>>> print(open('model-v2.cif').read())   # mmCIF, C-alpha atoms and all ligand atoms
data_input
#
loop_
_atom_site.label_atom_id
_atom_site.label_comp_id
_atom_site.auth_asym_id
_atom_site.auth_seq_id
_atom_site.Cartn_x
_atom_site.Cartn_y
_atom_site.Cartn_z
CA MET A 1 64.88 76.00 90.84
CA THR A 2 67.20 76.62 93.76
CA SER A 3 69.73 79.36 93.39
CA VAL A 4 73.21 78.80 94.73
CA ALA A 5 74.92 81.87 96.18
CA VAL A 6 78.25 82.34 94.48
CA SER A 7 80.60 84.86 96.00
CA VAL A 8 81.57 87.77 93.78
CA PRO A 9 85.15 88.08 92.54
CA SER A 10 87.48 89.86 94.95
CA LEU A 11 88.65 93.48 94.82
CA ALA A 12 91.85 94.19 92.94
CA SER A 13 94.87 93.56 95.13
CA ARG A 14 96.08 97.11 94.56
CA VAL A 15 93.15 98.57 96.55
CA ARG A 16 93.33 95.87 99.20
CA SER A 17 96.95 96.62 99.90
CA VAL A 18 96.60 100.42 100.01
CA GLY A 19 93.66 100.71 102.40
CA GLY A 20 92.48 103.72 104.38
CA SER A 21 94.12 105.52 107.25
CA ALA A 22 93.76 104.39 110.85
CA VAL A 23 93.38 107.92 112.19
CA ARG A 24 90.73 108.89 109.63
CA GLU A 25 87.83 108.16 111.94
CA ILE A 26 89.27 110.13 114.81
CA LEU A 27 89.94 113.03 112.49
CA ALA A 28 86.39 112.88 111.12
CA VAL A 29 85.40 114.73 114.31
CA THR A 30 87.39 117.79 113.22
CA SER A 31 84.32 118.95 111.29
CA ARG A 32 82.60 119.73 114.62
CA PRO A 33 82.85 123.53 114.93
CA GLU A 34 84.10 123.40 118.53
CA VAL A 35 87.18 121.39 117.48
CA VAL A 36 90.25 123.51 116.81
CA ASN A 37 91.56 122.00 113.61
CA PHE A 38 95.33 121.68 113.29
CA ALA A 39 94.81 118.42 111.39
CA GLY A 40 93.32 118.98 107.93
CA GLY A 41 95.39 120.83 105.36
CA LEU A 42 92.60 123.34 104.72
CA PRO A 43 93.34 126.80 103.32
CA ALA A 44 91.54 129.53 105.32
CA PRO A 45 88.11 129.82 103.64
CA GLU A 46 87.54 133.43 104.77
CA LEU A 47 90.51 134.43 102.58
CA PHE A 48 89.15 132.98 99.34
CA ASP A 49 88.63 135.81 96.84
CA ARG A 50 84.93 135.01 96.52
CA GLU A 51 84.10 138.20 94.64
CA GLY A 52 86.96 137.83 92.15
CA VAL A 53 86.22 134.18 91.48
CA ALA A 54 82.47 134.83 91.17
CA GLU A 55 83.12 137.66 88.72
CA ALA A 56 85.36 135.40 86.60
CA PHE A 57 82.69 132.67 86.46
CA ARG A 58 79.98 135.24 85.67
CA TYR A 59 82.09 136.58 82.82
CA VAL A 60 82.74 133.23 81.15
CA LEU A 61 79.15 132.04 81.58
CA GLU A 62 77.77 135.26 80.12
CA GLU A 63 80.34 135.87 77.39
CA MET A 64 81.18 132.34 76.24
CA PRO A 65 78.56 129.93 77.61
CA GLY A 66 78.71 127.61 74.62
CA ARG A 67 82.43 127.13 75.07
CA ALA A 68 82.51 127.15 78.87
CA LEU A 69 79.88 124.43 79.16
CA GLN A 70 81.20 122.32 76.30
CA TYR A 71 83.74 119.46 76.18
CA SER A 72 87.30 120.66 75.74
CA THR A 73 90.71 119.28 74.76
CA THR A 74 92.54 116.90 77.09
CA GLU A 75 95.65 119.11 77.20
CA GLY A 76 93.69 122.05 78.60
CA GLU A 77 92.31 125.41 77.50
CA PRO A 78 94.94 127.09 75.28
CA GLY A 79 94.50 130.49 76.95
CA LEU A 80 95.04 129.07 80.42
CA ARG A 81 98.11 127.11 79.26
CA GLU A 82 99.56 130.33 77.78
CA LEU A 83 99.05 132.20 81.05
CA LEU A 84 100.51 129.34 83.10
CA ALA A 85 103.53 129.13 80.78
CA ALA A 86 104.11 132.89 81.20
CA ARG A 87 103.96 132.58 85.00
CA THR A 88 106.43 129.67 84.86
CA VAL A 89 108.82 131.69 82.69
CA GLU A 90 108.57 134.64 85.13
CA ARG A 91 109.72 132.27 87.84
CA GLY A 92 112.84 131.27 85.95
CA LEU A 93 111.93 128.20 83.90
CA ALA A 94 111.68 128.40 80.11
CA THR A 95 108.26 126.94 79.30
CA ARG A 96 105.87 126.96 76.34
CA ALA A 97 102.15 126.37 76.53
CA GLU A 98 102.66 123.02 74.80
CA ASP A 99 104.99 121.87 77.61
CA LEU A 100 102.01 122.01 80.00
CA LEU A 101 99.05 119.78 80.72
CA VAL A 102 96.16 121.15 82.80
CA THR A 103 95.16 118.61 85.46
CA THR A 104 92.22 118.16 87.80
CA GLY A 105 94.24 119.27 90.84
CA SER A 106 97.91 118.43 91.18
CA GLN A 107 96.74 115.20 92.80
CA GLN A 108 95.67 114.04 89.36
CA GLY A 109 99.07 115.14 88.07
CA LEU A 110 100.63 112.64 90.47
CA SER A 111 98.33 109.84 89.30
CA LEU A 112 99.09 110.62 85.66
CA VAL A 113 102.84 110.62 86.24
CA ALA A 114 102.53 107.27 88.02
CA ALA A 115 100.48 105.89 85.12
CA ALA A 116 103.06 107.19 82.64
CA LEU A 117 106.20 105.97 84.42
CA VAL A 118 105.53 103.31 87.04
CA GLU A 119 104.87 99.62 86.43
CA PRO A 120 103.94 97.21 89.22
CA GLY A 121 107.12 96.23 91.01
CA ASP A 122 109.05 99.34 89.98
CA THR A 123 110.86 101.22 92.70
CA VAL A 124 109.94 104.79 93.59
CA LEU A 125 112.03 106.92 95.96
CA VAL A 126 110.24 109.34 98.30
CA GLU A 127 111.25 111.76 101.02
CA ASP A 128 111.02 110.84 104.68
CA PRO A 129 108.45 111.96 105.78
CA CYS A 130 106.35 112.01 102.59
CA TYR A 131 103.00 113.49 101.48
CA LEU A 132 100.40 110.81 102.31
CA ALA A 133 98.33 110.90 99.13
CA ALA A 134 101.52 110.51 97.06
CA LEU A 135 102.23 107.30 98.99
CA GLN A 136 98.68 106.24 98.06
CA VAL A 137 99.23 106.98 94.37
CA PHE A 138 102.49 105.04 94.26
CA GLY A 139 100.90 102.21 96.27
CA LEU A 140 98.00 101.98 93.81
CA ALA A 141 100.48 101.90 90.95
CA GLY A 142 102.04 98.82 92.55
CA ALA A 143 105.35 100.54 93.21
CA ARG A 144 107.90 99.46 95.76
CA VAL A 145 108.31 102.66 97.79
CA VAL A 146 111.71 103.36 99.34
CA ALA A 147 112.30 106.35 101.65
CA VAL A 148 115.38 108.53 101.26
CA PRO A 149 116.64 109.55 104.71
CA GLY A 150 117.05 113.27 105.30
CA ASP A 151 117.44 116.11 107.77
CA ALA A 152 115.86 119.50 108.44
CA ASP A 153 116.87 120.69 104.95
CA GLY A 154 115.43 117.75 103.02
CA PRO A 155 116.75 114.50 101.60
CA ASP A 156 120.37 113.45 102.10
CA VAL A 157 121.86 113.70 98.62
CA GLU A 158 124.55 111.06 99.15
CA ALA A 159 121.92 108.61 100.32
CA LEU A 160 119.81 109.56 97.31
CA ALA A 161 122.69 108.91 94.89
CA GLU A 162 123.43 105.57 96.55
CA LEU A 163 119.78 104.50 96.40
CA VAL A 164 119.47 105.54 92.76
CA VAL A 165 122.49 103.42 91.84
CA ARG A 166 121.48 100.46 94.02
CA GLU A 167 117.68 100.36 93.60
CA ARG A 168 117.36 101.61 90.01
CA PRO A 169 114.17 103.56 90.78
CA LYS A 170 111.95 105.07 88.10
CA LEU A 171 111.54 108.35 89.93
CA PHE A 172 112.29 110.40 93.01
CA TYR A 173 109.25 112.27 94.37
CA THR A 174 109.92 115.49 96.27
CA VAL A 175 108.09 118.54 97.62
CA PRO A 176 111.12 120.84 97.90
CA THR A 177 109.34 123.96 99.19
CA PHE A 178 107.32 124.09 102.45
CA GLN A 179 106.89 120.35 102.31
CA ASN A 180 103.75 118.52 103.35
CA PRO A 181 104.02 117.28 106.10
CA SER A 182 107.28 118.74 107.46
CA GLY A 183 107.14 122.38 106.32
CA ARG A 184 110.84 122.16 105.43
CA THR A 185 112.43 123.75 102.36
CA MET A 186 115.38 122.38 100.44
CA PRO A 187 118.13 125.03 100.11
CA ALA A 188 119.50 125.93 96.67
CA GLU A 189 122.74 123.95 96.98
CA ARG A 190 120.84 120.80 97.79
CA ARG A 191 118.50 121.30 94.83
CA ALA A 192 121.52 121.65 92.58
CA ALA A 193 122.93 118.43 94.06
CA VAL A 194 119.63 116.57 93.53
CA ALA A 195 119.63 117.79 89.91
CA GLU A 196 123.23 116.61 89.52
CA VAL A 197 122.36 113.13 90.85
CA ALA A 198 119.41 112.87 88.46
CA GLY A 199 121.61 113.85 85.54
CA ARG A 200 124.51 111.58 86.49
CA CYS A 201 122.66 108.48 87.74
CA GLY A 202 119.53 108.59 85.58
CA VAL A 203 116.22 108.95 87.40
CA TRP A 204 113.08 111.05 86.88
CA ILE A 205 112.44 113.78 89.41
CA VAL A 206 108.82 114.54 90.26
CA GLU A 207 108.89 118.03 91.77
CA ASP A 208 105.57 118.80 93.46
CA ASP A 209 105.13 122.49 94.32
CA PRO A 210 101.65 123.43 95.57
CA TYR A 211 102.97 125.65 98.42
CA GLY A 212 105.93 127.57 96.95
CA GLU A 213 104.01 130.81 96.38
CA LEU A 214 103.03 131.00 100.05
CA ARG A 215 106.32 132.43 101.29
CA PHE A 216 106.31 134.71 104.39
CA ASP A 217 110.05 135.06 105.06
CA GLY A 218 113.30 134.67 103.19
CA GLU A 219 114.03 134.42 99.51
CA ARG A 220 112.35 132.25 96.90
CA VAL A 221 114.48 129.20 95.97
CA PRO A 222 114.46 128.18 92.29
CA TRP A 223 112.76 124.96 91.23
CA ILE A 224 114.98 121.88 90.94
CA ALA A 225 113.91 121.81 87.28
CA THR A 226 115.89 125.03 86.68
CA TYR A 227 119.24 123.52 87.69
CA GLU A 228 121.84 122.12 85.31
CA GLY A 229 120.93 118.66 84.13
CA ALA A 230 117.39 118.59 85.55
CA ALA A 231 115.12 120.32 83.02
CA ASP A 232 114.83 117.31 80.70
CA ARG A 233 114.22 114.81 83.48
CA THR A 234 111.90 116.67 85.85
CA VAL A 235 108.12 116.63 85.96
CA LEU A 236 107.01 119.80 87.75
CA LEU A 237 103.54 119.88 89.31
CA GLY A 238 101.66 123.10 90.10
CA SER A 239 98.27 123.88 91.64
CA PHE A 240 95.79 126.69 92.22
CA SER A 241 94.50 124.94 95.36
CA LYS A 242 96.53 126.87 97.91
CA VAL A 243 96.64 130.21 96.09
CA MET A 244 93.14 130.46 94.61
CA ALA A 245 90.81 127.71 95.92
CA PRO A 246 91.07 123.91 96.22
CA GLY A 247 87.44 123.46 95.21
CA LEU A 248 88.31 124.52 91.66
CA ARG A 249 90.40 121.34 91.31
CA LEU A 250 92.88 123.03 89.00
CA GLY A 251 96.49 121.99 88.66
CA TRP A 252 99.03 121.57 85.88
CA LEU A 253 102.12 119.64 85.06
CA ARG A 254 105.18 120.53 83.02
CA ALA A 255 107.03 117.58 81.56
CA PRO A 256 109.42 116.62 78.76
CA ALA A 257 107.49 115.84 75.55
CA GLU A 258 107.50 112.05 75.77
CA VAL A 259 106.24 111.96 79.36
CA LEU A 260 103.71 114.70 78.64
CA ARG A 261 102.26 112.69 75.76
CA ALA A 262 101.92 109.63 77.99
CA CYS A 263 100.22 111.75 80.68
CA VAL A 264 97.76 113.09 78.09
CA VAL A 265 96.76 109.52 77.16
CA ALA A 266 96.38 108.61 80.85
CA LYS A 267 94.27 111.72 81.41
CA GLN A 268 92.03 110.93 78.49
CA ALA A 269 91.29 107.59 80.12
CA ALA A 270 90.80 109.19 83.54
CA ASP A 271 88.46 112.14 82.85
CA LEU A 272 88.81 113.34 79.22
CA HIS A 273 89.65 116.82 80.46
CA THR A 274 89.53 119.17 83.43
CA PRO A 275 86.21 121.09 83.68
CA THR A 276 86.18 123.72 80.93
CA VAL A 277 84.26 126.33 82.92
CA ASN A 278 86.79 126.21 85.78
CA GLN A 279 89.72 126.54 83.38
CA LEU A 280 88.20 129.50 81.56
CA ALA A 281 87.26 131.19 84.84
CA ALA A 282 90.81 130.76 86.15
CA ALA A 283 92.21 132.17 82.90
CA ARG A 284 89.84 135.14 83.17
CA TYR A 285 90.90 135.64 86.80
CA LEU A 286 94.60 135.62 85.86
CA ALA A 287 94.04 138.07 83.02
CA ASP A 288 91.72 140.39 84.91
CA ARG A 289 92.93 140.32 88.52
CA ASP A 290 96.23 140.35 90.35
CA LEU A 291 96.68 136.84 91.72
CA ASP A 292 100.10 137.68 93.14
CA SER A 293 98.80 140.49 95.33
CA HIS A 294 95.98 138.22 96.52
CA VAL A 295 98.58 135.59 97.43
CA ALA A 296 100.67 138.23 99.23
CA ARG A 297 97.61 139.12 101.32
CA VAL A 298 96.95 135.47 102.17
CA ALA A 299 100.63 134.92 103.04
CA GLY A 300 100.53 137.92 105.40
CA VAL A 301 97.63 136.38 107.32
CA TYR A 302 99.26 132.94 107.33
CA ARG A 303 102.46 134.43 108.75
CA GLU A 304 100.53 135.78 111.75
CA ARG A 305 99.01 132.35 112.25
CA ARG A 306 102.36 130.61 112.05
CA ASP A 307 103.72 133.06 114.62
CA ALA A 308 100.73 132.47 116.90
CA MET A 309 101.46 128.75 116.76
CA LEU A 310 105.19 129.22 117.37
CA ALA A 311 104.37 131.44 120.35
CA GLY A 312 102.27 128.77 122.07
CA LEU A 313 104.10 125.54 121.30
CA ALA A 314 106.62 125.60 124.15
CA GLU A 315 103.72 125.68 126.64
CA ALA A 316 101.69 123.03 124.82
CA LEU A 317 104.27 120.35 124.06
CA PRO A 318 106.12 118.31 126.66
CA GLU A 319 109.61 119.32 127.76
CA GLY A 320 112.19 118.12 125.25
CA ALA A 321 109.86 118.45 122.24
CA ARG A 322 111.35 120.00 119.09
CA TRP A 323 109.71 121.75 116.15
CA ASN A 324 110.70 123.76 113.09
CA ARG A 325 109.92 127.29 111.91
CA PRO A 326 108.74 127.06 108.28
CA GLU A 327 109.29 130.14 106.12
CA GLY A 328 105.93 129.60 104.41
CA GLY A 329 103.31 127.07 103.45
CA MET A 330 100.77 125.58 105.81
CA PHE A 331 102.47 123.03 108.04
CA LEU A 332 104.84 122.72 110.92
CA TRP A 333 106.46 119.48 112.09
CA ALA A 334 107.10 118.57 115.70
CA ARG A 335 108.75 115.70 117.52
CA LEU A 336 107.91 114.83 121.09
CA PRO A 337 110.58 113.19 123.25
CA SER A 338 111.27 109.52 122.44
CA GLY A 339 108.75 107.20 124.03
CA TYR A 340 105.76 109.39 123.15
CA ASP A 341 103.31 107.91 120.62
CA THR A 342 101.32 110.69 118.96
CA ALA A 343 98.75 108.26 117.46
CA ALA A 344 98.04 106.72 120.87
CA LEU A 345 97.73 110.21 122.40
CA LEU A 346 95.36 111.56 119.73
CA PRO A 347 92.02 110.26 121.15
CA GLU A 348 92.65 112.03 124.48
CA VAL A 349 93.68 115.24 122.69
CA VAL A 350 90.56 115.07 120.51
CA ARG A 351 88.44 114.74 123.68
CA HIS A 352 89.82 118.20 124.50
CA ASP A 353 88.40 119.47 121.17
CA VAL A 354 91.59 119.92 119.22
CA ALA A 355 93.23 117.72 116.57
CA TYR A 356 96.60 117.16 114.89
CA VAL A 357 97.82 114.44 112.51
CA PRO A 358 100.19 111.83 113.98
CA GLY A 359 103.43 111.57 112.02
CA ALA A 360 103.78 107.79 111.73
CA PRO A 361 101.82 107.28 108.47
CA PHE A 362 103.99 109.86 106.68
CA HIS A 363 107.12 107.78 107.27
CA ALA A 364 107.60 105.38 104.38
CA GLY A 365 110.84 104.15 105.96
CA ALA A 366 111.51 103.60 109.65
CA VAL A 367 108.41 104.74 111.53
CA ASP A 368 108.87 107.47 114.13
CA ARG A 369 105.88 107.44 116.49
CA ALA A 370 106.82 110.66 118.28
CA THR A 371 106.25 113.04 115.33
CA LEU A 372 103.17 115.07 114.45
CA ARG A 373 102.00 117.51 111.78
CA LEU A 374 100.33 120.79 112.70
CA CYS A 375 98.50 122.92 110.14
CA PHE A 376 98.67 126.57 111.23
CA VAL A 377 96.57 128.33 108.56
CA THR A 378 92.97 127.20 109.11
CA GLU A 379 92.32 128.83 112.50
CA THR A 380 92.61 132.44 113.71
CA PRO A 381 95.47 133.40 116.07
CA GLU A 382 93.03 133.44 119.03
CA ARG A 383 91.75 129.96 118.24
CA ILE A 384 95.32 128.75 117.69
CA GLY A 385 96.25 129.94 121.19
CA GLU A 386 93.16 128.25 122.64
CA GLY A 387 93.80 125.06 120.63
CA LEU A 388 97.37 124.85 121.91
CA ARG A 389 96.19 125.24 125.53
CA ARG A 390 93.76 122.36 124.97
CA MET A 391 96.44 120.29 123.29
CA GLY A 392 98.75 120.86 126.25
CA ALA A 393 96.00 119.71 128.63
CA GLY A 394 95.27 116.65 126.46
CA LEU A 395 98.93 115.65 126.20
CA ARG A 396 99.49 116.04 129.96
CA ARG A 397 96.65 113.61 130.78
N1 LIG A 401 100.81 117.63 96.62
C1 LIG A 401 100.95 117.99 97.90
C2 LIG A 401 102.30 117.98 98.52
C3 LIG A 401 99.82 118.38 98.64
O1 LIG A 401 99.98 118.71 99.92
C4 LIG A 401 98.56 118.38 98.01
C5 LIG A 401 97.30 118.81 98.73
N2 LIG A 401 97.14 118.41 100.01
C6 LIG A 401 98.47 117.99 96.68
C7 LIG A 401 99.62 117.63 96.00
C8 LIG A 401 97.19 117.92 95.94
O2 LIG A 401 96.64 119.18 95.78
P1 LIG A 401 95.54 119.54 94.67
O3 LIG A 401 95.14 118.27 94.01
O4 LIG A 401 94.45 120.19 95.42
O5 LIG A 401 96.25 120.45 93.73
#
>>> encode(input="model-v2.cif", output="structure tokens", more="lines below")
Ligand code: PMP
Amino acid sequence: MTSVAVSVPSLASRVRSVGGSAVREILAVTSRPEVVNFAGGLPAPELFDREGVAEAFRYVLEEMPGRALQYSTTEGEPGLRELLAARTVERGLATRAEDLLVTTGSQQGLSLVAAALVEPGDTVLVEDPCYLAALQVFGLAGARVVAVPGDADGPDVEALAELVVRERPKLFYTVPTFQNPSGRTMPAERRAAVAEVAGRCGVWIVEDDPYGELRFDGERVPWIATYEGAADRTVLLGSFSKVMAPGLRLGWLRAPAEVLRACVVAKQAADLHTPTVNQLAAARYLADRDLDSHVARVAGVYRERRDAMLAGLAEALPEGARWNRPEGGMFLWARLPSGYDTAALLPEVVRHDVAYVPGAPFHAGAVDRATLRLCFVTETPERIGEGLRRMGAGLRR
């Protein structure tokens, strides 16, 4: 019998249209130790509280192994949800444990919200620039992504209101504090105005806040969810990645009951639940240690690194370049003079053993090729200075 080769059915169109990133390969070299890494959004590993985390895991594995290694509920470990609710209340937002769902990183929170709210063809509004992996999530959900123009303080609220009325989007996705990629923070008045638009025009707000605790200067700004009109239409996402460790893959979301229930169903389908042992260890850590003083220590080190980067940028970037001075978080955003293309320049810069992320892929609207994202927390001040000298040499070639 002769066999006839029949081609296999094609991949789903949603993965074909999303695709990988063009600069991924170039950035793969950042794992070489000689490369000064301003590209990846990696928390400084030497600042992880290894002892505290190890002690928490030891405790749960010794004291409650049967529970820690067992399946758990989709919603999350009750003790952890209680502690997270208390921390949310301390920060000004009335929250009960049952308003929260523990997620496998806040990245999963984004996927669950998309599963709960977005149908193929629905419109989603995002900031310009926008967190890349959020664009991926909305792309996979089949959304039509529309960028809201903005300035150094965040999205333009009039433009937002106009787009909400005209495009009838399901949701507006925002990272209001120390945004990835731009490092910018939305001031209080603008948050109130975003909340007002959501209340008046009818749209869900997805408020993603993995960086808010990492503040070095200035005063904490309340979550959008705390403003008049926003609490019942905001999904707030939190994460331990930047304050404890990203390898734990622990995040949470706070949502109105109907959305929360839909997210629970989506999570059941995705992974049943977030690893029990990690949840119990995090709960033990919160009960036994002082996470806030650990975060204050980390923020102090990150501030020095931000300052080291600010001190060297004028030398490194071409005349006419502009950049911001974030009050916290991990990223700084720069724009070279018009005509520069940061993606085209990257291979030469990488040959000088330093890497950044070109800004173009972060722009869901009109693409600006002159922008770039710099992560200032991964390297020591000395290496930051050296990296900026190399970057200057690479850009001048
Ligand atoms: N949201 C934003 C804005 C981020 O920058 C990141 C991490 N890069 C995430 C969500 C996902 O973080 P995690 O899943 O580790 O909580």
>>> residues_around(input="model-v2.cif", residues="A:Pro347", least_positions_apart="4", cutoff="9 Å", atoms="only C-alpha atoms", output="list in words")
Ile26, Ala343, Arg351, His352, Ala355 and Gly394 of chain A
>>> write_last_selection(input="model-v2.cif", atoms="C-alpha atoms", output="tab-separated table (two decimals), keeping the file's coordinate frame")
chain	number	residue	atom	x	y	z
A	26	ILE	CA	89.27	110.13	114.81
A	343	ALA	CA	98.75	108.26	117.46
A	351	ARG	CA	88.44	114.74	123.68
A	352	HIS	CA	89.82	118.20	124.50
A	355	ALA	CA	93.23	117.72	116.57
A	394	GLY	CA	95.27	116.65	126.46
>>> closest_residue(input="model-v2.cif", among="A:Ala133, A:Ala370, A:Ala321, A:Ala308", to="A:Gly387", atoms="all atoms listed in the file")
A:Ala308
>>> closest_residue(input="model-v2.cif", among="A:Ala193, A:Leu248, A:Val357, A:Val377", to="ligand LIG 401 (chain A)", atoms="only C-alpha atoms and all ligand atoms")
A:Leu248
>>> closest_residue(input="model-v2.cif", among="A:Gly79, A:Pro43, A:Pro381, A:Pro318", to="ligand LIG 401 (chain A)", atoms="all atoms listed in the file")
A:Pro43
>>> residues_near_ligand(input="model-v2.cif", ligand="ligand LIG 401 (chain A)", cutoff="10 Å", atoms="only C-alpha atoms and all ligand atoms", output="ChimeraX atom specification")
/A:40-43,103-110,130-134,173-181,207-211,237-242,245-252,329-331
>>> atom_distance(input="model-v2.cif", atom1="atom CA of A:Glu90", atom2="atom CA of A:Arg190")
22.4 Å
>>> residues_around(input="model-v2.cif", residues="A:Leu101", least_positions_apart="5", cutoff="7 Å", atoms="all atoms listed in the file", output="tab-separated table (two decimals) with C-alpha atoms, keeping the file's coordinate frame")
chain	number	residue	atom	x	y	z
A	75	GLU	CA	95.65	119.11	77.20
A	76	GLY	CA	93.69	122.05	78.60
A	252	TRP	CA	99.03	121.57	85.88
A	253	LEU	CA	102.12	119.64	85.06
A	254	ARG	CA	105.18	120.53	83.02
>>> closest_residue(input="model-v2.cif", among="A:Ala334, A:Val354, A:Leu160, A:Met391", to="A:Asp368", atoms="all atoms listed in the file")
A:Ala334
>>> atom_distance(input="model-v2.cif", atom1="atom CA of A:Glu189", atom2="atom CA of A:Val164")
19.2 Å
>>> residues_around(input="model-v2.cif", residues="stretch 114-121 of chain A", least_positions_apart="6", cutoff="10 Å", atoms="only C-alpha atoms", output="number ranges by chain")
A: 14, 108, 134, 137-145, 169-171, 204, 206, 258-267
>>> write_last_selection(input="model-v2.cif", atoms="C-alpha atoms", output="tab-separated table (two decimals), in the coordinates of the input")
chain	number	residue	atom	x	y	z
A	14	ARG	CA	96.08	97.11	94.56
A	108	GLN	CA	95.67	114.04	89.36
A	134	ALA	CA	101.52	110.51	97.06
A	137	VAL	CA	99.23	106.98	94.37
A	138	PHE	CA	102.49	105.04	94.26
A	139	GLY	CA	100.90	102.21	96.27
A	140	LEU	CA	98.00	101.98	93.81
A	141	ALA	CA	100.48	101.90	90.95
A	142	GLY	CA	102.04	98.82	92.55
A	143	ALA	CA	105.35	100.54	93.21
A	144	ARG	CA	107.90	99.46	95.76
A	145	VAL	CA	108.31	102.66	97.79
A	169	PRO	CA	114.17	103.56	90.78
A	170	LYS	CA	111.95	105.07	88.10
A	171	LEU	CA	111.54	108.35	89.93
A	204	TRP	CA	113.08	111.05	86.88
A	206	VAL	CA	108.82	114.54	90.26
A	258	GLU	CA	107.50	112.05	75.77
A	259	VAL	CA	106.24	111.96	79.36
A	260	LEU	CA	103.71	114.70	78.64
A	261	ARG	CA	102.26	112.69	75.76
A	262	ALA	CA	101.92	109.63	77.99
A	263	CYS	CA	100.22	111.75	80.68
A	264	VAL	CA	97.76	113.09	78.09
A	265	VAL	CA	96.76	109.52	77.16
A	266	ALA	CA	96.38	108.61	80.85
A	267	LYS	CA	94.27	111.72	81.41
